[in-house]
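Just entry_35.txt here, compact mmCIF, N, CA and C atoms and all ligand atoms:
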```
# COMPACT_ATOMS: atom_id res chain seq x y z
N MET A 4 -17.26 16.56 -5.50
CA MET A 4 -16.56 15.33 -5.21
C MET A 4 -16.00 15.33 -3.79
N LEU A 5 -15.49 16.46 -3.42
CA LEU A 5 -14.86 16.55 -2.11
C LEU A 5 -15.64 17.55 -1.28
N ARG A 6 -16.00 17.16 -0.06
CA ARG A 6 -16.63 18.15 0.79
C ARG A 6 -16.13 17.95 2.21
N PHE A 7 -16.46 18.87 3.06
CA PHE A 7 -15.95 18.82 4.41
C PHE A 7 -17.10 18.77 5.39
N ASP A 8 -16.99 18.00 6.44
CA ASP A 8 -18.05 17.96 7.43
C ASP A 8 -17.88 19.11 8.42
N ARG A 9 -18.75 19.14 9.40
CA ARG A 9 -18.77 20.25 10.35
C ARG A 9 -17.42 20.43 11.06
N ASN A 10 -16.71 19.33 11.25
CA ASN A 10 -15.44 19.42 11.97
C ASN A 10 -14.25 19.70 11.04
N GLY A 11 -14.58 19.95 9.76
CA GLY A 11 -13.52 20.27 8.82
C GLY A 11 -12.79 19.05 8.31
N ARG A 12 -13.31 17.87 8.61
CA ARG A 12 -12.67 16.67 8.09
C ARG A 12 -13.07 16.46 6.64
N CYS A 13 -12.19 15.83 5.91
CA CYS A 13 -12.48 15.55 4.52
C CYS A 13 -13.45 14.39 4.37
N LEU A 14 -14.40 14.55 3.51
CA LEU A 14 -15.28 13.44 3.16
C LEU A 14 -15.14 13.20 1.68
N VAL A 15 -15.14 11.97 1.29
CA VAL A 15 -15.01 11.65 -0.12
C VAL A 15 -16.30 11.00 -0.60
N ARG A 16 -16.88 11.57 -1.61
CA ARG A 16 -18.04 10.92 -2.24
C ARG A 16 -17.54 9.86 -3.18
N ARG A 17 -17.99 8.64 -2.97
CA ARG A 17 -17.46 7.53 -3.74
C ARG A 17 -18.01 7.48 -5.17
N ALA A 18 -19.27 7.85 -5.33
CA ALA A 18 -19.92 7.66 -6.63
C ALA A 18 -19.15 8.33 -7.75
N GLY A 19 -18.85 7.56 -8.78
CA GLY A 19 -18.20 8.13 -9.95
C GLY A 19 -16.72 8.39 -9.78
N VAL A 20 -16.17 8.02 -8.64
CA VAL A 20 -14.75 8.24 -8.42
C VAL A 20 -14.04 6.90 -8.52
N SER A 21 -12.99 6.84 -9.31
CA SER A 21 -12.26 5.57 -9.42
C SER A 21 -11.59 5.27 -8.09
N VAL A 22 -11.28 4.00 -7.90
CA VAL A 22 -10.66 3.57 -6.64
C VAL A 22 -9.37 4.34 -6.39
N ALA A 23 -8.53 4.37 -7.42
CA ALA A 23 -7.24 5.06 -7.24
C ALA A 23 -7.46 6.53 -6.90
N ALA A 24 -8.42 7.15 -7.60
CA ALA A 24 -8.68 8.57 -7.34
C ALA A 24 -9.24 8.76 -5.93
N ALA A 25 -10.11 7.83 -5.51
CA ALA A 25 -10.70 7.95 -4.18
C ALA A 25 -9.61 7.85 -3.12
N ILE A 26 -8.68 6.92 -3.32
CA ILE A 26 -7.59 6.79 -2.35
C ILE A 26 -6.71 8.03 -2.39
N ALA A 27 -6.42 8.50 -3.60
CA ALA A 27 -5.56 9.68 -3.73
C ALA A 27 -6.21 10.89 -3.04
N ILE A 28 -7.53 11.00 -3.24
CA ILE A 28 -8.24 12.13 -2.63
C ILE A 28 -8.24 11.98 -1.11
N ALA A 29 -8.51 10.74 -0.64
CA ALA A 29 -8.54 10.51 0.81
C ALA A 29 -7.18 10.83 1.42
N LEU A 30 -6.12 10.40 0.75
CA LEU A 30 -4.78 10.68 1.26
C LEU A 30 -4.47 12.17 1.12
N GLY A 31 -4.95 12.74 0.02
CA GLY A 31 -4.73 14.16 -0.22
C GLY A 31 -5.28 15.03 0.88
N CYS A 32 -6.36 14.57 1.50
CA CYS A 32 -6.97 15.30 2.61
C CYS A 32 -5.96 15.50 3.73
N ARG A 33 -5.05 14.55 3.86
CA ARG A 33 -4.05 14.66 4.91
C ARG A 33 -2.73 15.18 4.35
N GLY A 34 -2.76 15.64 3.11
CA GLY A 34 -1.56 16.20 2.52
C GLY A 34 -0.54 15.15 2.14
N VAL A 35 -0.99 13.92 1.93
CA VAL A 35 -0.08 12.84 1.57
C VAL A 35 -0.54 12.28 0.24
N SER A 36 0.39 12.02 -0.67
CA SER A 36 -0.03 11.45 -1.94
C SER A 36 0.23 9.95 -1.96
N ILE A 37 -0.49 9.27 -2.84
CA ILE A 37 -0.35 7.83 -2.95
C ILE A 37 1.09 7.46 -3.28
N ASP A 38 1.79 8.31 -4.05
CA ASP A 38 3.17 8.00 -4.41
C ASP A 38 4.14 8.17 -3.25
N ASP A 39 3.70 8.90 -2.21
CA ASP A 39 4.55 9.00 -1.02
C ASP A 39 4.46 7.72 -0.19
N VAL A 40 3.25 7.20 -0.05
CA VAL A 40 3.09 6.01 0.81
C VAL A 40 3.37 4.72 0.04
N ALA A 41 3.04 4.71 -1.25
CA ALA A 41 3.22 3.49 -2.05
C ALA A 41 3.81 3.86 -3.41
N PRO A 42 5.09 4.24 -3.43
CA PRO A 42 5.70 4.70 -4.69
C PRO A 42 5.77 3.58 -5.73
N VAL A 43 5.72 3.98 -7.00
CA VAL A 43 5.98 3.02 -8.08
C VAL A 43 7.48 2.73 -8.05
N LEU A 44 7.84 1.46 -7.95
CA LEU A 44 9.24 1.10 -7.78
C LEU A 44 9.75 0.25 -8.94
N LYS A 45 11.03 0.40 -9.21
CA LYS A 45 11.69 -0.50 -10.17
C LYS A 45 12.69 -1.35 -9.39
N PRO A 46 13.08 -2.50 -9.96
CA PRO A 46 14.01 -3.38 -9.24
C PRO A 46 15.32 -2.65 -8.93
N ALA A 47 15.83 -2.87 -7.72
CA ALA A 47 17.15 -2.34 -7.37
C ALA A 47 18.19 -3.06 -8.22
N PRO A 48 19.32 -2.39 -8.52
CA PRO A 48 20.35 -3.05 -9.32
C PRO A 48 20.74 -4.39 -8.70
N GLY A 49 20.68 -5.45 -9.49
CA GLY A 49 21.07 -6.77 -9.00
C GLY A 49 19.99 -7.51 -8.23
N ALA A 50 18.84 -6.86 -7.99
CA ALA A 50 17.80 -7.52 -7.21
C ALA A 50 17.12 -8.61 -8.04
N ASP A 51 16.75 -9.70 -7.36
CA ASP A 51 16.17 -10.85 -8.04
C ASP A 51 14.65 -10.70 -8.11
N VAL A 52 14.20 -9.65 -8.79
CA VAL A 52 12.76 -9.39 -8.89
C VAL A 52 12.50 -8.65 -10.20
N THR A 53 11.32 -8.88 -10.79
CA THR A 53 11.01 -8.19 -12.05
C THR A 53 10.15 -6.96 -11.78
N ALA A 54 10.21 -6.02 -12.73
CA ALA A 54 9.36 -4.82 -12.64
C ALA A 54 7.89 -5.23 -12.64
N GLU A 55 7.56 -6.29 -13.40
CA GLU A 55 6.16 -6.75 -13.48
C GLU A 55 5.67 -7.20 -12.11
N ARG A 56 6.52 -7.92 -11.39
CA ARG A 56 6.12 -8.41 -10.07
C ARG A 56 5.92 -7.24 -9.10
N LEU A 57 6.81 -6.26 -9.18
CA LEU A 57 6.67 -5.09 -8.30
C LEU A 57 5.37 -4.35 -8.61
N ALA A 58 5.05 -4.25 -9.91
CA ALA A 58 3.82 -3.55 -10.29
C ALA A 58 2.59 -4.32 -9.82
N ALA A 59 2.65 -5.65 -9.95
CA ALA A 59 1.52 -6.48 -9.51
C ALA A 59 1.34 -6.36 -7.99
N GLY A 60 2.46 -6.38 -7.28
CA GLY A 60 2.40 -6.26 -5.82
C GLY A 60 1.84 -4.91 -5.39
N ARG A 61 2.28 -3.86 -6.07
CA ARG A 61 1.79 -2.53 -5.71
C ARG A 61 0.30 -2.40 -5.97
N SER A 62 -0.17 -2.99 -7.07
CA SER A 62 -1.60 -2.81 -7.35
C SER A 62 -2.46 -3.53 -6.30
N ILE A 63 -1.97 -4.62 -5.75
CA ILE A 63 -2.69 -5.28 -4.65
C ILE A 63 -2.60 -4.40 -3.39
N TYR A 64 -1.42 -3.86 -3.19
CA TYR A 64 -1.15 -3.02 -2.00
C TYR A 64 -2.09 -1.82 -1.93
N ILE A 65 -2.43 -1.25 -3.09
CA ILE A 65 -3.28 -0.05 -3.07
C ILE A 65 -4.74 -0.38 -3.42
N SER A 66 -5.05 -1.67 -3.59
CA SER A 66 -6.41 -2.05 -4.00
C SER A 66 -7.40 -2.00 -2.85
N GLU A 67 -8.56 -1.43 -3.13
CA GLU A 67 -9.61 -1.36 -2.11
C GLU A 67 -10.24 -2.71 -1.84
N THR A 68 -10.02 -3.68 -2.72
CA THR A 68 -10.56 -5.01 -2.44
C THR A 68 -9.50 -5.89 -1.78
N LYS A 69 -8.31 -5.37 -1.63
CA LYS A 69 -7.22 -6.15 -1.00
C LYS A 69 -6.66 -5.37 0.19
N CYS A 70 -5.43 -4.83 0.02
CA CYS A 70 -4.74 -4.24 1.17
C CYS A 70 -5.29 -2.89 1.61
N ALA A 71 -6.00 -2.20 0.75
CA ALA A 71 -6.55 -0.91 1.17
C ALA A 71 -8.05 -1.02 1.44
N GLY A 72 -8.48 -2.23 1.76
CA GLY A 72 -9.91 -2.45 2.01
C GLY A 72 -10.35 -1.93 3.37
N CYS A 73 -9.46 -1.98 4.35
CA CYS A 73 -9.83 -1.59 5.72
C CYS A 73 -9.20 -0.26 6.12
N HIS A 74 -8.07 0.04 5.55
CA HIS A 74 -7.36 1.28 5.88
C HIS A 74 -6.71 1.81 4.60
N ASN A 75 -6.37 3.09 4.60
CA ASN A 75 -5.62 3.62 3.47
C ASN A 75 -4.28 2.89 3.40
N PRO A 76 -3.67 2.87 2.22
CA PRO A 76 -2.36 2.23 2.13
C PRO A 76 -1.40 2.84 3.14
N LYS A 77 -0.67 1.98 3.83
CA LYS A 77 0.29 2.44 4.83
C LYS A 77 1.59 2.78 4.14
N GLN A 78 2.39 3.60 4.79
CA GLN A 78 3.71 3.98 4.28
C GLN A 78 4.59 2.73 4.19
N VAL A 79 4.89 2.31 2.97
CA VAL A 79 5.64 1.05 2.82
C VAL A 79 7.05 1.18 3.37
N HIS A 80 7.61 2.38 3.29
CA HIS A 80 8.99 2.62 3.71
C HIS A 80 9.13 2.72 5.24
N ALA A 81 8.00 2.66 5.95
CA ALA A 81 8.04 2.83 7.41
C ALA A 81 8.53 1.57 8.11
N HIS A 82 8.56 0.45 7.40
CA HIS A 82 8.91 -0.82 8.04
C HIS A 82 10.11 -1.46 7.37
N THR A 83 10.86 -2.24 8.14
CA THR A 83 11.99 -2.97 7.57
C THR A 83 11.47 -4.20 6.82
N ALA A 84 12.32 -4.74 5.96
CA ALA A 84 11.94 -5.95 5.21
C ALA A 84 11.62 -7.08 6.19
N ASP A 85 12.37 -7.12 7.29
CA ASP A 85 12.15 -8.16 8.28
C ASP A 85 10.79 -8.01 8.97
N GLU A 86 10.44 -6.79 9.33
CA GLU A 86 9.11 -6.56 9.94
C GLU A 86 8.00 -6.97 8.98
N TRP A 87 8.18 -6.58 7.73
CA TRP A 87 7.17 -6.93 6.72
C TRP A 87 7.01 -8.44 6.60
N SER A 88 8.15 -9.13 6.44
CA SER A 88 8.05 -10.56 6.10
C SER A 88 7.71 -11.44 7.29
N THR A 89 8.13 -11.04 8.51
CA THR A 89 7.89 -11.95 9.64
C THR A 89 6.65 -11.60 10.44
N VAL A 90 6.28 -10.33 10.48
CA VAL A 90 5.18 -9.93 11.37
C VAL A 90 3.97 -9.40 10.60
N ILE A 91 4.19 -8.35 9.82
CA ILE A 91 3.04 -7.61 9.29
C ILE A 91 2.35 -8.37 8.17
N LEU A 92 3.11 -8.76 7.15
CA LEU A 92 2.45 -9.36 5.99
C LEU A 92 1.75 -10.69 6.29
N PRO A 93 2.36 -11.57 7.09
CA PRO A 93 1.63 -12.80 7.41
C PRO A 93 0.26 -12.52 8.03
N ARG A 94 0.18 -11.51 8.91
CA ARG A 94 -1.11 -11.17 9.55
C ARG A 94 -2.06 -10.52 8.55
N MET A 95 -1.55 -9.53 7.82
CA MET A 95 -2.42 -8.76 6.92
C MET A 95 -2.87 -9.58 5.71
N ALA A 96 -2.03 -10.50 5.26
CA ALA A 96 -2.40 -11.33 4.11
C ALA A 96 -3.62 -12.18 4.44
N LYS A 97 -3.70 -12.64 5.68
CA LYS A 97 -4.89 -13.39 6.10
C LYS A 97 -6.11 -12.51 6.06
N LYS A 98 -5.96 -11.28 6.57
CA LYS A 98 -7.09 -10.35 6.57
C LYS A 98 -7.56 -10.08 5.15
N ALA A 99 -6.59 -9.94 4.22
CA ALA A 99 -6.93 -9.60 2.83
C ALA A 99 -7.21 -10.84 1.99
N LYS A 100 -7.09 -12.02 2.62
CA LYS A 100 -7.33 -13.29 1.92
C LYS A 100 -6.53 -13.39 0.62
N LEU A 101 -5.24 -13.11 0.72
CA LEU A 101 -4.38 -13.17 -0.47
C LEU A 101 -4.11 -14.62 -0.87
N SER A 102 -4.07 -14.87 -2.18
CA SER A 102 -3.61 -16.17 -2.68
C SER A 102 -2.09 -16.21 -2.51
N SER A 103 -1.48 -17.38 -2.71
CA SER A 103 -0.03 -17.43 -2.51
C SER A 103 0.71 -16.62 -3.56
N ASP A 104 0.17 -16.55 -4.78
CA ASP A 104 0.77 -15.70 -5.81
C ASP A 104 0.71 -14.23 -5.39
N GLU A 105 -0.48 -13.83 -4.94
CA GLU A 105 -0.64 -12.44 -4.50
C GLU A 105 0.31 -12.13 -3.35
N TYR A 106 0.43 -13.07 -2.44
CA TYR A 106 1.33 -12.91 -1.30
C TYR A 106 2.75 -12.64 -1.78
N GLU A 107 3.23 -13.47 -2.71
CA GLU A 107 4.60 -13.32 -3.21
C GLU A 107 4.80 -11.96 -3.88
N ASN A 108 3.78 -11.51 -4.62
CA ASN A 108 3.89 -10.22 -5.30
C ASN A 108 3.94 -9.07 -4.31
N VAL A 109 3.06 -9.12 -3.31
CA VAL A 109 3.06 -8.04 -2.31
C VAL A 109 4.36 -8.09 -1.50
N LEU A 110 4.81 -9.30 -1.17
CA LEU A 110 6.06 -9.42 -0.41
C LEU A 110 7.22 -8.79 -1.20
N ALA A 111 7.26 -9.05 -2.51
CA ALA A 111 8.33 -8.47 -3.34
C ALA A 111 8.24 -6.94 -3.32
N TYR A 112 7.00 -6.44 -3.40
CA TYR A 112 6.83 -4.99 -3.43
C TYR A 112 7.24 -4.35 -2.10
N VAL A 113 6.75 -4.89 -0.98
CA VAL A 113 7.05 -4.25 0.31
C VAL A 113 8.53 -4.43 0.68
N THR A 114 9.14 -5.51 0.21
CA THR A 114 10.58 -5.68 0.46
C THR A 114 11.36 -4.62 -0.31
N ALA A 115 10.98 -4.43 -1.58
CA ALA A 115 11.66 -3.42 -2.40
C ALA A 115 11.43 -2.01 -1.84
N GLY A 116 10.27 -1.82 -1.21
CA GLY A 116 9.95 -0.49 -0.69
C GLY A 116 10.31 -0.31 0.77
N SER A 117 10.91 -1.33 1.38
CA SER A 117 11.15 -1.30 2.83
C SER A 117 12.23 -0.29 3.20
N ARG A 118 12.34 -0.08 4.51
CA ARG A 118 13.28 0.91 5.03
C ARG A 118 14.73 0.50 4.81
N ASN A 119 14.96 -0.76 4.56
CA ASN A 119 16.33 -1.25 4.46
C ASN A 119 17.11 -0.65 3.30
N ILE A 120 16.38 -0.42 2.19
CA ILE A 120 17.12 -0.06 0.98
C ILE A 120 16.61 1.27 0.44
N PRO A 121 17.49 2.00 -0.26
CA PRO A 121 17.05 3.25 -0.87
C PRO A 121 15.94 2.96 -1.88
N LEU A 122 14.90 3.79 -1.89
CA LEU A 122 13.79 3.58 -2.82
C LEU A 122 14.26 3.75 -4.25
N GLN A 123 13.84 2.81 -5.10
CA GLN A 123 14.16 2.89 -6.53
C GLN A 123 12.91 3.37 -7.26
N ARG A 124 12.60 4.65 -7.10
CA ARG A 124 11.40 5.18 -7.75
C ARG A 124 11.60 5.18 -9.27
N THR A 125 10.47 5.08 -9.98
CA THR A 125 10.59 5.12 -11.43
C THR A 125 10.73 6.56 -11.93
N SER A 126 10.28 7.52 -11.10
CA SER A 126 10.47 8.93 -11.48
C SER A 126 11.07 9.65 -10.27
N PRO A 127 11.78 10.74 -10.49
CA PRO A 127 12.50 11.40 -9.42
C PRO A 127 11.60 11.96 -8.33
C1 LIG A 201 -9.80 -6.89 7.17
C2 LIG A 201 -9.17 -5.57 7.32
C3 LIG A 201 -7.72 -5.39 6.86
C4 LIG A 201 -7.17 -5.73 5.65
C5 LIG A 201 -7.83 -6.39 4.46
C6 LIG A 201 -5.77 -5.33 5.72
N1 LIG A 201 -5.51 -4.73 6.91
FE1 LIG A 201 -3.75 -3.89 7.50
N2 LIG A 201 -4.52 -3.45 9.31
C7 LIG A 201 -5.83 -3.71 9.71
C8 LIG A 201 -6.00 -3.27 11.09
C9 LIG A 201 -7.30 -3.37 11.90
C10 LIG A 201 -4.75 -2.73 11.50
C11 LIG A 201 -4.37 -2.10 12.84
C12 LIG A 201 -4.35 -3.05 13.96
C13 LIG A 201 -3.40 -4.15 13.75
O1 LIG A 201 -2.19 -3.90 13.62
O2 LIG A 201 -3.88 -5.30 13.67
C14 LIG A 201 -3.86 -2.87 10.36
C15 LIG A 201 -2.55 -2.45 10.37
C16 LIG A 201 -1.70 -2.48 9.29
C17 LIG A 201 -0.33 -2.00 9.29
C18 LIG A 201 0.38 -1.35 10.46
C19 LIG A 201 1.07 -2.46 11.23
C20 LIG A 201 1.98 -1.97 12.33
O3 LIG A 201 2.42 -2.84 13.10
O4 LIG A 201 2.26 -0.77 12.41
C21 LIG A 201 0.17 -2.23 8.05
C22 LIG A 201 1.57 -1.87 7.57
C23 LIG A 201 -0.86 -2.89 7.28
N3 LIG A 201 -1.98 -3.01 8.05
C24 LIG A 201 -0.71 -3.32 5.98
C25 LIG A 201 -1.65 -4.10 5.30
C26 LIG A 201 -1.39 -4.78 4.03
C27 LIG A 201 -0.08 -4.74 3.26
C28 LIG A 201 -2.54 -5.43 3.70
C29 LIG A 201 -2.76 -6.36 2.50
C30 LIG A 201 -1.99 -7.59 2.49
C31 LIG A 201 -3.54 -5.14 4.74
N4 LIG A 201 -2.95 -4.35 5.69
C32 LIG A 201 -4.85 -5.58 4.72
C33 LIG A 201 -6.83 -4.26 8.93
C34 LIG A 201 -6.67 -4.75 7.65
```
For the structure just supplied, provide its representation as structure tokens.
Ligand code: HEC
Amino acid sequence: MLRFDRNGRCLVRRAGVSVAAAIAIALGCRGVSIDDVAPVLKPAPGADVTAERLAAGRSIYISETKCAGCHNPKQVHAHTADEWSTVILPRMAKKAKLSSDEYENVLAYVTAGSRNIPLQRTSP
């Protein structure tokens, strides 16, 4: 499943590997796990968002047919909520051709995962 080219870089054979596993393996090559860059999050206390919406947003965020189609999922916590909502997501949503529902779900997820607030991971 995993092999290395002449330069020691990781190569991932896609056949028979699920999308999530392929991303995990690709990230694993760099010593980063999918849960580090795109953790499963629960709503912050008092936040006006549901766990279902966060889960829907995350699955788009890590999907190879959506946000992870051109690049591996980026570290969600690397950007502020403001950067996400005003600069990054409007541009990337066009690239990923998100519907307005998908946009709202991803926006909820990246806001919850942004640098502004402590991450509310579902597991420690
Ligand atoms: C069609 C290809 C494509 C898709 C689909 C795509 N991206 Fe990107 N993304 C890029 C490219 C190319 C860059 C780097 C150059 C740039 O910033 O435009 C990038 C950069 C980024 C960055 C870094 C921005 C920065 O300023 O540091 C983030 C974060 C990001 N993408 C998130 C997303 C999210 C979230 C989605 C889904 C809504 C997404 N991308 C979908 C091509 C894509």
**OP:** May I have the residues within 9 Å of ligand LIG 201 (chain A), computed using only C-alpha atoms and all ligand atoms, as number ranges by chain?
**Re:** A: 63-79, 81-82, 86-87, 90-101, 105-106, 109-110, 113
Original post:
Skipping near chain neighbours, those fewer than 6 positions away, what residues fall within 7 Å of A:Leu57 using only N, CA and C atoms, listed as JSON, numbers by chain?
Top reply: {"A": [44, 108, 111, 112]}
**OP:** Take the point (12.4, 0.1, 2.3) in the file's coordinates, draw a sphere of radius 7 Å around it, and report as a PyMOL selection string every protein, DNA or RNA residue with an atom inside or on it, counting all atoms listed in the file.
**Re:** chain A and resi 79-84+113-122
Prev. selection, N, CA and C atoms, output as a PDB file, in the coordinates of the input:
```pdb
ATOM      1  N   VAL A  79       4.890   2.310   2.970  1.00  0.00           N
ATOM      2  CA  VAL A  79       5.640   1.050   2.820  1.00  0.00           C
ATOM      3  C   VAL A  79       7.050   1.180   3.370  1.00  0.00           C
ATOM      4  N   HIS A  80       7.610   2.380   3.290  1.00  0.00           N
ATOM      5  CA  HIS A  80       8.990   2.620   3.710  1.00  0.00           C
ATOM      6  C   HIS A  80       9.130   2.720   5.240  1.00  0.00           C
ATOM      7  N   ALA A  81       8.000   2.660   5.950  1.00  0.00           N
ATOM      8  CA  ALA A  81       8.040   2.830   7.410  1.00  0.00           C
ATOM      9  C   ALA A  81       8.530   1.570   8.110  1.00  0.00           C
ATOM     10  N   HIS A  82       8.560   0.450   7.400  1.00  0.00           N
ATOM     11  CA  HIS A  82       8.910  -0.820   8.040  1.00  0.00           C
ATOM     12  C   HIS A  82      10.110  -1.460   7.370  1.00  0.00           C
ATOM     13  N   THR A  83      10.860  -2.240   8.140  1.00  0.00           N
ATOM     14  CA  THR A  83      11.990  -2.970   7.570  1.00  0.00           C
ATOM     15  C   THR A  83      11.470  -4.200   6.820  1.00  0.00           C
ATOM     16  N   ALA A  84      12.320  -4.740   5.960  1.00  0.00           N
ATOM     17  CA  ALA A  84      11.940  -5.950   5.210  1.00  0.00           C
ATOM     18  C   ALA A  84      11.620  -7.080   6.190  1.00  0.00           C
ATOM     19  N   VAL A 113       6.750  -4.890  -0.980  1.00  0.00           N
ATOM     20  CA  VAL A 113       7.050  -4.250   0.310  1.00  0.00           C
ATOM     21  C   VAL A 113       8.530  -4.430   0.680  1.00  0.00           C
ATOM     22  N   THR A 114       9.140  -5.510   0.210  1.00  0.00           N
ATOM     23  CA  THR A 114      10.580  -5.680   0.460  1.00  0.00           C
ATOM     24  C   THR A 114      11.360  -4.620  -0.310  1.00  0.00           C
ATOM     25  N   ALA A 115      10.980  -4.430  -1.580  1.00  0.00           N
ATOM     26  CA  ALA A 115      11.660  -3.420  -2.400  1.00  0.00           C
ATOM     27  C   ALA A 115      11.430  -2.010  -1.840  1.00  0.00           C
ATOM     28  N   GLY A 116      10.270  -1.820  -1.210  1.00  0.00           N
ATOM     29  CA  GLY A 116       9.950  -0.490  -0.690  1.00  0.00           C
ATOM     30  C   GLY A 116      10.310  -0.310   0.770  1.00  0.00           C
ATOM     31  N   SER A 117      10.910  -1.330   1.380  1.00  0.00           N
ATOM     32  CA  SER A 117      11.150  -1.300   2.830  1.00  0.00           C
ATOM     33  C   SER A 117      12.230  -0.290   3.200  1.00  0.00           C
ATOM     34  N   ARG A 118      12.340  -0.080   4.510  1.00  0.00           N
ATOM     35  CA  ARG A 118      13.280   0.910   5.030  1.00  0.00           C
ATOM     36  C   ARG A 118      14.730   0.500   4.810  1.00  0.00           C
ATOM     37  N   ASN A 119      14.960  -0.760   4.560  1.00  0.00           N
ATOM     38  CA  ASN A 119      16.330  -1.250   4.460  1.00  0.00           C
ATOM     39  C   ASN A 119      17.110  -0.650   3.300  1.00  0.00           C
ATOM     40  N   ILE A 120      16.380  -0.420   2.190  1.00  0.00           N
ATOM     41  CA  ILE A 120      17.120  -0.060   0.980  1.00  0.00           C
ATOM     42  C   ILE A 120      16.610   1.270   0.440  1.00  0.00           C
ATOM     43  N   PRO A 121      17.490   2.000  -0.260  1.00  0.00           N
ATOM     44  CA  PRO A 121      17.050   3.250  -0.870  1.00  0.00           C
ATOM     45  C   PRO A 121      15.940   2.960  -1.880  1.00  0.00           C
ATOM     46  N   LEU A 122      14.900   3.790  -1.890  1.00  0.00           N
ATOM     47  CA  LEU A 122      13.790   3.580  -2.820  1.00  0.00           C
ATOM     48  C   LEU A 122      14.260   3.750  -4.250  1.00  0.00           C
TER      49      LEU A 122
END
```
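Going from atom N of A:Ile37 to atom N of A:Ala50 covers 25.7 Å.
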**OP:** Find the distance between atom CA of A:Ser88 and atom CA of A:Ser103 and write it in Å to one decimal.
**Re:** 13.7 Å
**OP:** Find the residues around stretch 46-48 of chain A up to 7 Å (only N, CA and C atoms counted), leave out those fewer than 3 positions away in its own chain, and share them as a list in words.
**Re:**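 Final neighbour list, sorted by chain and number: Asp51, Val52, Thr53, Ala54, Ala115 and Gln123 of chain A.
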Subject >> Computed interatomic separation between atom CA of A:Ala59 and atom CA of A:Gly34 (Å) >> reply: 25.9 Å
**OP:** as a VMD selection string, list the residues of stretch 25-70 of chain A assigned to alpha helix (DSSP H) by DSSP on the backbone atoms of this structure.
**Re:** chain A and resid 25 to 31 37 to 40 54 to 64
Could you get me a file of stretch 76-113 of chain A with C-alpha atoms, as a PDB file, in the first residue's frame, taken from the block above?
```pdb
ATOM      1  CA  PRO A  76      -6.631  19.095   4.299  1.00  0.00           C
ATOM      2  CA  LYS A  77      -5.003  22.200   5.730  1.00  0.00           C
ATOM      3  CA  GLN A  78      -4.560  22.790   9.453  1.00  0.00           C
ATOM      4  CA  VAL A  79      -7.922  24.296  10.386  1.00  0.00           C
ATOM      5  CA  HIS A  80      -6.519  25.827  13.579  1.00  0.00           C
ATOM      6  CA  ALA A  81      -3.864  27.759  11.620  1.00  0.00           C
ATOM      7  CA  HIS A  82      -6.294  30.524  10.665  1.00  0.00           C
ATOM      8  CA  THR A  83      -8.552  32.896  12.569  1.00  0.00           C
ATOM      9  CA  ALA A  84     -12.319  32.791  12.104  1.00  0.00           C
ATOM     10  CA  ASP A  85     -12.019  36.145  10.349  1.00  0.00           C
ATOM     11  CA  GLU A  86      -9.408  34.887   7.866  1.00  0.00           C
ATOM     12  CA  TRP A  87     -11.572  31.873   7.137  1.00  0.00           C
ATOM     13  CA  SER A  88     -14.804  33.770   6.619  1.00  0.00           C
ATOM     14  CA  THR A  89     -13.542  36.832   4.739  1.00  0.00           C
ATOM     15  CA  VAL A  90     -10.607  35.573   2.679  1.00  0.00           C
ATOM     16  CA  ILE A  91      -9.979  31.853   2.497  1.00  0.00           C
ATOM     17  CA  LEU A  92     -13.380  30.197   2.384  1.00  0.00           C
ATOM     18  CA  PRO A  93     -14.966  32.514  -0.189  1.00  0.00           C
ATOM     19  CA  ARG A  94     -12.056  31.728  -2.565  1.00  0.00           C
ATOM     20  CA  MET A  95     -11.804  28.010  -1.824  1.00  0.00           C
ATOM     21  CA  ALA A  96     -15.561  27.427  -1.912  1.00  0.00           C
ATOM     22  CA  LYS A  97     -15.566  28.569  -5.533  1.00  0.00           C
ATOM     23  CA  LYS A  98     -12.733  26.183  -6.326  1.00  0.00           C
ATOM     24  CA  ALA A  99     -14.606  23.324  -4.636  1.00  0.00           C
ATOM     25  CA  LYS A 100     -17.934  24.392  -6.178  1.00  0.00           C
ATOM     26  CA  LEU A 101     -19.711  24.216  -2.821  1.00  0.00           C
ATOM     27  CA  SER A 102     -23.492  24.650  -2.647  1.00  0.00           C
ATOM     28  CA  SER A 103     -24.709  27.264  -0.178  1.00  0.00           C
ATOM     29  CA  ASP A 104     -25.621  24.523   2.310  1.00  0.00           C
ATOM     30  CA  GLU A 105     -22.169  23.007   2.002  1.00  0.00           C
ATOM     31  CA  TYR A 106     -20.658  26.456   2.417  1.00  0.00           C
ATOM     32  CA  GLU A 107     -22.554  27.047   5.667  1.00  0.00           C
ATOM     33  CA  ASN A 108     -21.500  23.656   7.023  1.00  0.00           C
ATOM     34  CA  VAL A 109     -17.827  24.152   6.205  1.00  0.00           C
ATOM     35  CA  LEU A 110     -17.956  27.703   7.569  1.00  0.00           C
ATOM     36  CA  ALA A 111     -19.381  26.384  10.856  1.00  0.00           C
ATOM     37  CA  TYR A 112     -16.654  23.749  11.033  1.00  0.00           C
ATOM     38  CA  VAL A 113     -13.696  26.044  10.272  1.00  0.00           C
TER      39      VAL A 113
END
```
